[in-house]
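The structure appears below as structure tokens.
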Amino acid sequence: MPKAVAADYQSRVRKPRDFDAFWDDVLRQAAAIPLEPEVVPDPLRTSEDVEVFQVFYTSLDHVRVAAWYCRPTRRPERTPAILFTPGYQMDPPIPKELARKGYVVLSVAPRGKLRSNKQFNPGYPNLLTHNIVDRHTYAYRGFYVDTWRGIDFLLTRPEVDPTRLGVTGSSQGGGLTITTAAMRSEIRAAAAGAPYLCGFVDATELTHTYPYEEINDYLRLYPERRTEVEKTLAYFDGISFADRISCPIIVNIGLQDNVCPPETGYALFERIGARDKRLYPYDGHAHDAGRVKHSAVVDEFFAHHLLGRAASA
Amino acid sequence: MDQAFREYWQTTLDELARYLTRPEVDVLPLRSTPFATLYGVRLTSVGAYRLFGYLSIPTGTGPFPAIYYVPKYQSVLEIIPQGTANLQRSRYITFSLAARGQRNSDVPYAAMFPGLLTDRIDSAASYVFREIVADSVRGLQFLLTRAELDPARLVVMGNDLALITAALTRGATHVVTAPALFYDSAELAPKTHAYPLEEINDYVRAFPARAQAVRDTLACFDLRAFASRVTATTLLMVGAPGGLLDRAALTPLITALRGPVTIYESEQSSYKDGLYAEQWMATQCGIKDVQAILPEHWRE
């Protein structure tokens, strides 16, 4: 069996002193840009029980962002909504399954993803290190805002209940769940799986697999840039965002995770500010983080917090 | 159908043969390490379509065993699959190919995901996967030209395309495959809402008059029809019991494969499933220190 993971791992991440000021400034820039939402029915993907739409909206730097939007055909006048956030390499899915469970769902494709890559396309691998020496132009500055603007889109929809919003995703989607829950006070419940983008620098030492290996590749070629790289990443690390989270949140990690080291999951969880938080560590699992078993936990979590169903004992 | 199947694929291979590979192989310093050099490879496939792939060659004296990662069903092309220890590249030559439509091979054709699985599916002759299979075959043909390769240890790994590629051309000594797209798809798709098979449901719902044409096209890609041509030693990764593609569902494929077959039932853990595949490949390729090339959190 593999060696046990240290649950008390001490992350190297230190939140920059001007972290809030940096992001306040970014949000101020974003707020000046009109959302210009466009909702296009997709009859090919629409079925009897779920209506599917392609959505587009404008984000930071005037980048046009795509998303899939699904809503149950039969739904209350005001329906709870979930923002689904994508993995690093995955193509954002059409979230019909979540819609079948009674939610309006937006599956966002932040810049660089398929359908959102006309104006920004650093590619894969490369996204993780694109402009990594400058926090004002680093790839994830816009990428994060694109995700958060998904909440602005949901709030424009008359069928969405603005008091019942959730966010979920796994891997990069887990990291985006963390940052979204931290930056959008409208979020009422968050479920993050195997969170990526948390403990970047820790991860480059704990594991040597892609995507984090992109950073090791970069520093092998440009070792003199390490200080700038680490400075930038501190502004984008989920661990730096974590103390801002106040909504109920669950996090699942795999103790043999070969992509996002479980040590970083423990470090993240320790920093999460919410009082109502719970960690689900799955032994015998890697980056799937126990997904098959854990999906029932996520279903019940959102049913309780967004649909108002009683939690089981 | 047998005759039509044979002619369909022979025509495709004949067409591919009319195009020379004309490879361009360039070092990528950013992804090269002390233990392996990475190259970007451009080569030509059927229809004069230029493809891109990543070729990694271990440092040292070969010949080396190789893993050919056939095109995945996603837009992104990986150097090695996400979560694989980079040190895998110290022992194996690895080659990953983006078929037409995937990133880096998306000019002039950029595929949509979902969408690719049903692109031109109403005609077997024009179905996009006919060309994608040809791309995958071309990738294996290219790899076989490399002097660093030990041709007695060449693993073709991936989804359905791994099996189809090994069936259609020589060179694969081993196959690791996890069917997902082309096993009894016309019958199985209506039993699931999960993509990618849901693409077939979407398409047939939107164009019911084309349902028979879709069935006819899918029959040309059904893994059962390729199985008797596969002589490589095969690791068949099947779904967990009760799943759409579990051992019971895949039994006709299992019995039809001509070469030696090992069946692995998923434990619904990417650690357990991934570890088994890594160890199986290492054993087959005579790599004794597999622990050294596992991800850190899998090592004992």
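Chain labels run A, B, ... following the order of the structure tokens; each chain numbers its residues from 1, and ligands are numbered from 1 in the order shown.
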Counting only C-alpha atoms, what is within 8 Å of range 19-35 of chain B, bar same-chain residues fewer than 6 positions away, as a PDB file with C-alpha atoms, in the first residue's frame?
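Writing the result to out_6.pdb gives the following:
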```pdb
ATOM      1  CA  ASP A 217       8.728  22.471 -16.973  1.00  0.00           C
ATOM      2  CA  TYR A 218       8.596  26.258 -16.979  1.00  0.00           C
ATOM      3  CA  LEU A 221      13.716  26.323 -18.476  1.00  0.00           C
TER       4      LEU A 221
ATOM      5  CA  VAL B  41       5.474  15.943 -34.786  1.00  0.00           C
ATOM      6  CA  ARG B  42       3.497  16.978 -37.846  1.00  0.00           C
ATOM      7  CA  LEU B  43       2.434  14.372 -40.355  1.00  0.00           C
ATOM      8  CA  THR B  44      -0.028  13.860 -43.158  1.00  0.00           C
ATOM      9  CA  SER B  45      -3.087  11.650 -43.113  1.00  0.00           C
ATOM     10  CA  VAL B  46      -5.914  10.846 -45.472  1.00  0.00           C
ATOM     11  CA  GLY B  47      -7.335  13.793 -47.399  1.00  0.00           C
ATOM     12  CA  ALA B  48      -3.996  15.616 -47.202  1.00  0.00           C
ATOM     13  CA  PRO B  58      13.989   8.491 -23.360  1.00  0.00           C
ATOM     14  CA  THR B  59      17.544   9.590 -22.807  1.00  0.00           C
ATOM     15  CA  LEU B  87       9.019   9.629 -15.334  1.00  0.00           C
ATOM     16  CA  ARG B  89       8.849   8.984 -20.307  1.00  0.00           C
ATOM     17  CA  SER B  90      12.213   7.790 -18.943  1.00  0.00           C
ATOM     18  CA  ARG B 138      -1.166   6.783 -39.558  1.00  0.00           C
ATOM     19  CA  PHE B 142       4.812   6.810 -38.006  1.00  0.00           C
TER      20      PHE B 142
END
```
* Contact residues (chain A, partner chain B, 9 Å, only C-alpha atoms) as a PyMOL selection string -> chain A and resi 1-5+43-47+89-94+96-97+114-115+123-125+206-211+213-214+217-218+220-221+254-262+284-292
Could you pull out the strand (DSSP E or B) residues of range 32-242 of chain A, going by DSSP on the backbone, and write them as a PDB file with C-alpha atoms, in the first residue's frame?
```
ATOM      1  CA  GLU A  38     -27.216  35.820 -25.383  1.00  0.00           C
ATOM      2  CA  VAL A  39     -29.331  32.690 -25.000  1.00  0.00           C
ATOM      3  CA  VAL A  40     -29.694  30.447 -28.048  1.00  0.00           C
ATOM      4  CA  PRO A  41     -31.985  27.413 -27.963  1.00  0.00           C
ATOM      5  CA  VAL A  50     -34.573  19.096 -20.280  1.00  0.00           C
ATOM      6  CA  GLU A  51     -34.319  22.263 -22.366  1.00  0.00           C
ATOM      7  CA  VAL A  52     -30.802  23.041 -23.559  1.00  0.00           C
ATOM      8  CA  PHE A  53     -29.438  26.416 -24.632  1.00  0.00           C
ATOM      9  CA  GLN A  54     -26.081  27.755 -25.718  1.00  0.00           C
ATOM     10  CA  VAL A  55     -25.225  30.860 -23.741  1.00  0.00           C
ATOM     11  CA  PHE A  56     -22.695  33.573 -24.423  1.00  0.00           C
ATOM     12  CA  TYR A  57     -21.693  36.532 -22.298  1.00  0.00           C
ATOM     13  CA  THR A  58     -18.908  39.093 -22.143  1.00  0.00           C
ATOM     14  CA  ARG A  64     -16.830  36.428 -25.121  1.00  0.00           C
ATOM     15  CA  VAL A  65     -17.472  33.368 -22.963  1.00  0.00           C
ATOM     16  CA  ALA A  66     -19.639  30.363 -23.887  1.00  0.00           C
ATOM     17  CA  ALA A  67     -21.656  28.086 -21.636  1.00  0.00           C
ATOM     18  CA  TRP A  68     -24.294  25.372 -21.710  1.00  0.00           C
ATOM     19  CA  TYR A  69     -27.544  26.210 -19.977  1.00  0.00           C
ATOM     20  CA  CYS A  70     -30.022  23.497 -19.020  1.00  0.00           C
ATOM     21  CA  ARG A  71     -33.347  23.767 -17.258  1.00  0.00           C
ATOM     22  CA  PRO A  72     -35.962  21.170 -16.378  1.00  0.00           C
ATOM     23  CA  THR A  79     -35.967  27.250  -9.499  1.00  0.00           C
ATOM     24  CA  PRO A  80     -32.692  26.761  -7.616  1.00  0.00           C
ATOM     25  CA  ALA A  81     -29.620  26.990  -9.819  1.00  0.00           C
ATOM     26  CA  ILE A  82     -26.178  25.417  -9.877  1.00  0.00           C
ATOM     27  CA  LEU A  83     -23.050  26.721 -11.578  1.00  0.00           C
ATOM     28  CA  PHE A  84     -21.020  23.785 -12.920  1.00  0.00           C
ATOM     29  CA  THR A  85     -17.303  24.455 -13.316  1.00  0.00           C
ATOM     30  CA  VAL A 104     -31.331  25.108 -13.562  1.00  0.00           C
ATOM     31  CA  VAL A 105     -27.659  24.590 -14.457  1.00  0.00           C
ATOM     32  CA  LEU A 106     -25.010  26.688 -16.173  1.00  0.00           C
ATOM     33  CA  SER A 107     -21.916  24.805 -17.344  1.00  0.00           C
ATOM     34  CA  VAL A 108     -19.387  27.489 -18.094  1.00  0.00           C
ATOM     35  CA  ALA A 109     -16.492  27.372 -20.578  1.00  0.00           C
ATOM     36  CA  VAL A 160     -33.727  31.312 -11.291  1.00  0.00           C
ATOM     37  CA  ASP A 161     -34.330  31.728  -7.565  1.00  0.00           C
ATOM     38  CA  PRO A 162     -31.512  34.130  -6.585  1.00  0.00           C
ATOM     39  CA  THR A 163     -31.621  32.962  -2.979  1.00  0.00           C
ATOM     40  CA  ARG A 164     -30.820  29.343  -3.874  1.00  0.00           C
ATOM     41  CA  LEU A 165     -27.575  29.245  -5.840  1.00  0.00           C
ATOM     42  CA  GLY A 166     -24.964  26.505  -5.654  1.00  0.00           C
ATOM     43  CA  VAL A 167     -21.620  25.783  -7.278  1.00  0.00           C
ATOM     44  CA  THR A 168     -19.861  22.507  -7.929  1.00  0.00           C
ATOM     45  CA  GLY A 169     -17.089  20.899  -9.940  1.00  0.00           C
ATOM     46  CA  SER A 170     -14.148  18.590  -9.605  1.00  0.00           C
ATOM     47  CA  ILE A 187     -23.662  31.223  -3.212  1.00  0.00           C
ATOM     48  CA  ARG A 188     -25.632  29.192  -0.652  1.00  0.00           C
ATOM     49  CA  ALA A 189     -23.895  25.807  -1.014  1.00  0.00           C
ATOM     50  CA  ALA A 190     -20.664  24.578  -2.585  1.00  0.00           C
ATOM     51  CA  ALA A 191     -19.342  21.086  -3.330  1.00  0.00           C
ATOM     52  CA  ALA A 192     -15.695  20.908  -4.413  1.00  0.00           C
ATOM     53  CA  GLY A 193     -14.078  17.678  -5.594  1.00  0.00           C
ATOM     54  CA  THR A 209       2.321  14.724 -13.155  1.00  0.00           C
TER      55      THR A 209
END
```
* To do: Determine, counting only C-alpha atoms, which protein, DNA and RNA residues have an atom within 9 Å of an atom of Asp134 in chain A; residues of the same chain fewer than 6 positions away are not included. Present the result as JSON, numbers by chain.
  => {"A": [228, 229, 231, 232]}
* Quick one: residues within 7 Å of Leu181 in chain B, only C-alpha atoms counted, chain neighbours fewer than 3 positions away excluded, as a VMD selection string? -> chain B and resid 160 185 197
* To do: Enumerate the residues of range 30-208 of chain A with a DSSP assignment of helix (DSSP H, G or I), computed from the backbone, and present them as a PyMOL selection string.
  => chain A and resi 30-31+60-62+96-100+127-129+139-156+172-183+200-206
Can you write out the residues you just picked, keeping N, CA and C atoms, as a short mmCIF file (atom, residue, chain, number, x, y, z; two decimals), in the first residue's frame?
```
data_model
loop_
_atom_site.label_atom_id
_atom_site.label_comp_id
_atom_site.auth_asym_id
_atom_site.auth_seq_id
_atom_site.Cartn_x
_atom_site.Cartn_y
_atom_site.Cartn_z
N ALA A 30 -14.04 44.44 -14.25
CA ALA A 30 -15.06 43.56 -14.85
C ALA A 30 -16.43 44.21 -14.80
N ALA A 31 -16.72 44.88 -13.69
CA ALA A 31 -18.05 45.47 -13.52
C ALA A 31 -18.34 46.55 -14.56
N LEU A 60 -14.17 39.86 -18.59
CA LEU A 60 -13.00 40.73 -18.50
C LEU A 60 -12.25 40.78 -19.83
N ASP A 61 -11.70 41.93 -20.15
CA ASP A 61 -10.97 42.14 -21.41
C ASP A 61 -11.89 41.98 -22.62
N HIS A 62 -13.19 42.03 -22.38
CA HIS A 62 -14.20 41.91 -23.45
C HIS A 62 -14.14 40.56 -24.16
N LYS A 96 -27.19 17.96 -18.37
CA LYS A 96 -28.59 17.52 -18.35
C LYS A 96 -28.91 16.73 -17.09
N GLU A 97 -27.92 15.95 -16.62
CA GLU A 97 -28.20 15.09 -15.46
C GLU A 97 -28.56 15.92 -14.23
N LEU A 98 -27.82 17.01 -14.02
CA LEU A 98 -28.14 17.88 -12.88
C LEU A 98 -29.51 18.53 -13.06
N ALA A 99 -29.82 18.89 -14.30
CA ALA A 99 -31.14 19.51 -14.56
C ALA A 99 -32.26 18.52 -14.25
N ARG A 100 -32.02 17.26 -14.55
CA ARG A 100 -33.05 16.23 -14.26
C ARG A 100 -33.30 16.11 -12.76
N LEU A 127 -1.85 26.66 -20.62
CA LEU A 127 -2.73 27.59 -19.90
C LEU A 127 -2.17 27.91 -18.52
N LEU A 128 -1.68 26.89 -17.82
CA LEU A 128 -1.28 27.06 -16.43
C LEU A 128 -0.11 28.04 -16.26
N THR A 129 0.69 28.16 -17.30
CA THR A 129 1.86 29.04 -17.18
C THR A 129 1.77 30.28 -18.06
N ALA A 139 -3.11 34.02 -16.95
CA ALA A 139 -4.29 33.41 -17.60
C ALA A 139 -5.49 33.29 -16.66
N TYR A 140 -5.23 32.93 -15.42
CA TYR A 140 -6.35 32.65 -14.52
C TYR A 140 -7.04 33.92 -13.99
N ARG A 141 -6.45 35.09 -14.24
CA ARG A 141 -7.14 36.32 -13.84
C ARG A 141 -8.47 36.41 -14.58
N GLY A 142 -8.41 36.31 -15.90
CA GLY A 142 -9.64 36.33 -16.68
C GLY A 142 -10.46 35.07 -16.51
N PHE A 143 -9.78 33.95 -16.42
CA PHE A 143 -10.44 32.64 -16.32
C PHE A 143 -11.35 32.60 -15.08
N TYR A 144 -10.82 33.10 -13.96
CA TYR A 144 -11.63 33.13 -12.73
C TYR A 144 -12.85 34.04 -12.91
N VAL A 145 -12.60 35.23 -13.47
CA VAL A 145 -13.71 36.19 -13.62
C VAL A 145 -14.78 35.62 -14.55
N ASP A 146 -14.34 34.92 -15.61
CA ASP A 146 -15.31 34.29 -16.53
C ASP A 146 -16.25 33.37 -15.75
N THR A 147 -15.68 32.65 -14.83
CA THR A 147 -16.49 31.71 -14.04
C THR A 147 -17.44 32.48 -13.13
N TRP A 148 -16.92 33.47 -12.44
CA TRP A 148 -17.77 34.23 -11.50
C TRP A 148 -18.89 34.96 -12.24
N ARG A 149 -18.62 35.38 -13.47
CA ARG A 149 -19.65 36.07 -14.25
C ARG A 149 -20.80 35.11 -14.59
N GLY A 150 -20.55 33.82 -14.49
CA GLY A 150 -21.65 32.87 -14.68
C GLY A 150 -22.76 33.11 -13.67
N ILE A 151 -22.38 33.54 -12.48
CA ILE A 151 -23.38 33.87 -11.45
C ILE A 151 -24.18 35.10 -11.89
N ASP A 152 -23.49 36.09 -12.46
CA ASP A 152 -24.20 37.26 -12.98
C ASP A 152 -25.22 36.85 -14.04
N PHE A 153 -24.82 35.90 -14.89
CA PHE A 153 -25.77 35.44 -15.90
C PHE A 153 -26.99 34.80 -15.24
N LEU A 154 -26.74 33.90 -14.29
CA LEU A 154 -27.87 33.22 -13.64
C LEU A 154 -28.82 34.23 -13.01
N LEU A 155 -28.25 35.31 -12.47
CA LEU A 155 -29.09 36.31 -11.80
C LEU A 155 -29.93 37.12 -12.78
N THR A 156 -29.61 37.03 -14.07
CA THR A 156 -30.45 37.72 -15.06
C THR A 156 -31.68 36.90 -15.44
N GLN A 172 -10.03 20.98 -11.62
CA GLN A 172 -10.05 22.44 -11.78
C GLN A 172 -11.42 22.99 -11.38
N GLY A 173 -12.46 22.20 -11.68
CA GLY A 173 -13.80 22.61 -11.25
C GLY A 173 -13.91 22.72 -9.74
N GLY A 174 -13.14 21.89 -9.03
CA GLY A 174 -13.11 21.99 -7.57
C GLY A 174 -12.45 23.28 -7.12
N GLY A 175 -11.35 23.63 -7.80
CA GLY A 175 -10.67 24.89 -7.48
C GLY A 175 -11.54 26.09 -7.80
N LEU A 176 -12.24 26.02 -8.94
CA LEU A 176 -13.12 27.12 -9.32
C LEU A 176 -14.32 27.21 -8.37
N THR A 177 -14.73 26.07 -7.85
CA THR A 177 -15.80 26.08 -6.85
C THR A 177 -15.36 26.86 -5.61
N ILE A 178 -14.11 26.63 -5.22
CA ILE A 178 -13.57 27.34 -4.05
C ILE A 178 -13.53 28.85 -4.30
N THR A 179 -12.99 29.26 -5.44
CA THR A 179 -12.85 30.70 -5.68
C THR A 179 -14.22 31.36 -5.88
N THR A 180 -15.13 30.63 -6.51
CA THR A 180 -16.47 31.20 -6.73
C THR A 180 -17.21 31.36 -5.41
N ALA A 181 -17.13 30.34 -4.58
CA ALA A 181 -17.80 30.43 -3.26
C ALA A 181 -17.19 31.56 -2.43
N ALA A 182 -15.89 31.79 -2.63
CA ALA A 182 -15.22 32.84 -1.86
C ALA A 182 -15.61 34.23 -2.34
N MET A 183 -15.80 34.39 -3.64
CA MET A 183 -15.96 35.73 -4.21
C MET A 183 -17.41 36.12 -4.48
N PHE A 200 -0.56 25.44 -5.42
CA PHE A 200 0.20 25.24 -6.68
C PHE A 200 1.65 24.83 -6.39
N VAL A 201 2.31 25.68 -5.57
CA VAL A 201 3.75 25.47 -5.38
C VAL A 201 4.00 24.20 -4.57
N ASP A 202 3.13 23.95 -3.58
CA ASP A 202 3.24 22.68 -2.84
C ASP A 202 3.16 21.51 -3.80
N ALA A 203 2.18 21.58 -4.70
CA ALA A 203 1.91 20.46 -5.59
C ALA A 203 3.07 20.16 -6.52
N THR A 204 3.79 21.22 -6.93
CA THR A 204 4.90 20.97 -7.85
C THR A 204 6.03 20.21 -7.17
N GLU A 205 6.02 20.23 -5.84
CA GLU A 205 7.03 19.45 -5.12
C GLU A 205 6.50 18.07 -4.73
N LEU A 206 5.19 17.98 -4.51
CA LEU A 206 4.60 16.73 -4.03
C LEU A 206 4.35 15.72 -5.15
#
```
* To do: Write out as a ChimeraX atom specification which residues come within 7 Å of Arg100 in chain B when counting only C-alpha atoms, dropping same-chain ones fewer than 2 positions away.
  => /B:51,98,102,105-106,109,132
* **Separation of CA of Gly308 in chain A from CA of Glu270 in chain A in Å** => 27.7 Å
Fewer than 2 positions away in the same chain doesn't count, so skip those; otherwise give me all residues within 8 Å of Pro179 in chain B, counting only C-alpha atoms, as a compact mmCIF listing (two decimals) with C-alpha atoms, in the first residue's frame.
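Saved to selection_1.txt:
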```
# COMPACT_ATOMS: atom_id res chain seq x y z
CA ASN B 159 -10.45 3.82 -26.03
CA ASP B 160 -12.06 1.93 -28.93
CA THR B 177 -8.34 -0.62 -24.33
CA LEU B 181 -17.84 4.61 -28.23
CA PHE B 182 -18.27 1.73 -30.63
CA TYR B 183 -19.48 -1.37 -28.90
CA MET B 237 -10.60 -2.72 -19.21
CA VAL B 238 -14.32 -3.28 -18.71
CA LEU B 245 -20.08 -1.83 -20.66
```
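The space separating CA of Pro34 in chain A from CA of Cys247 in chain A comes to 27.6 Å.
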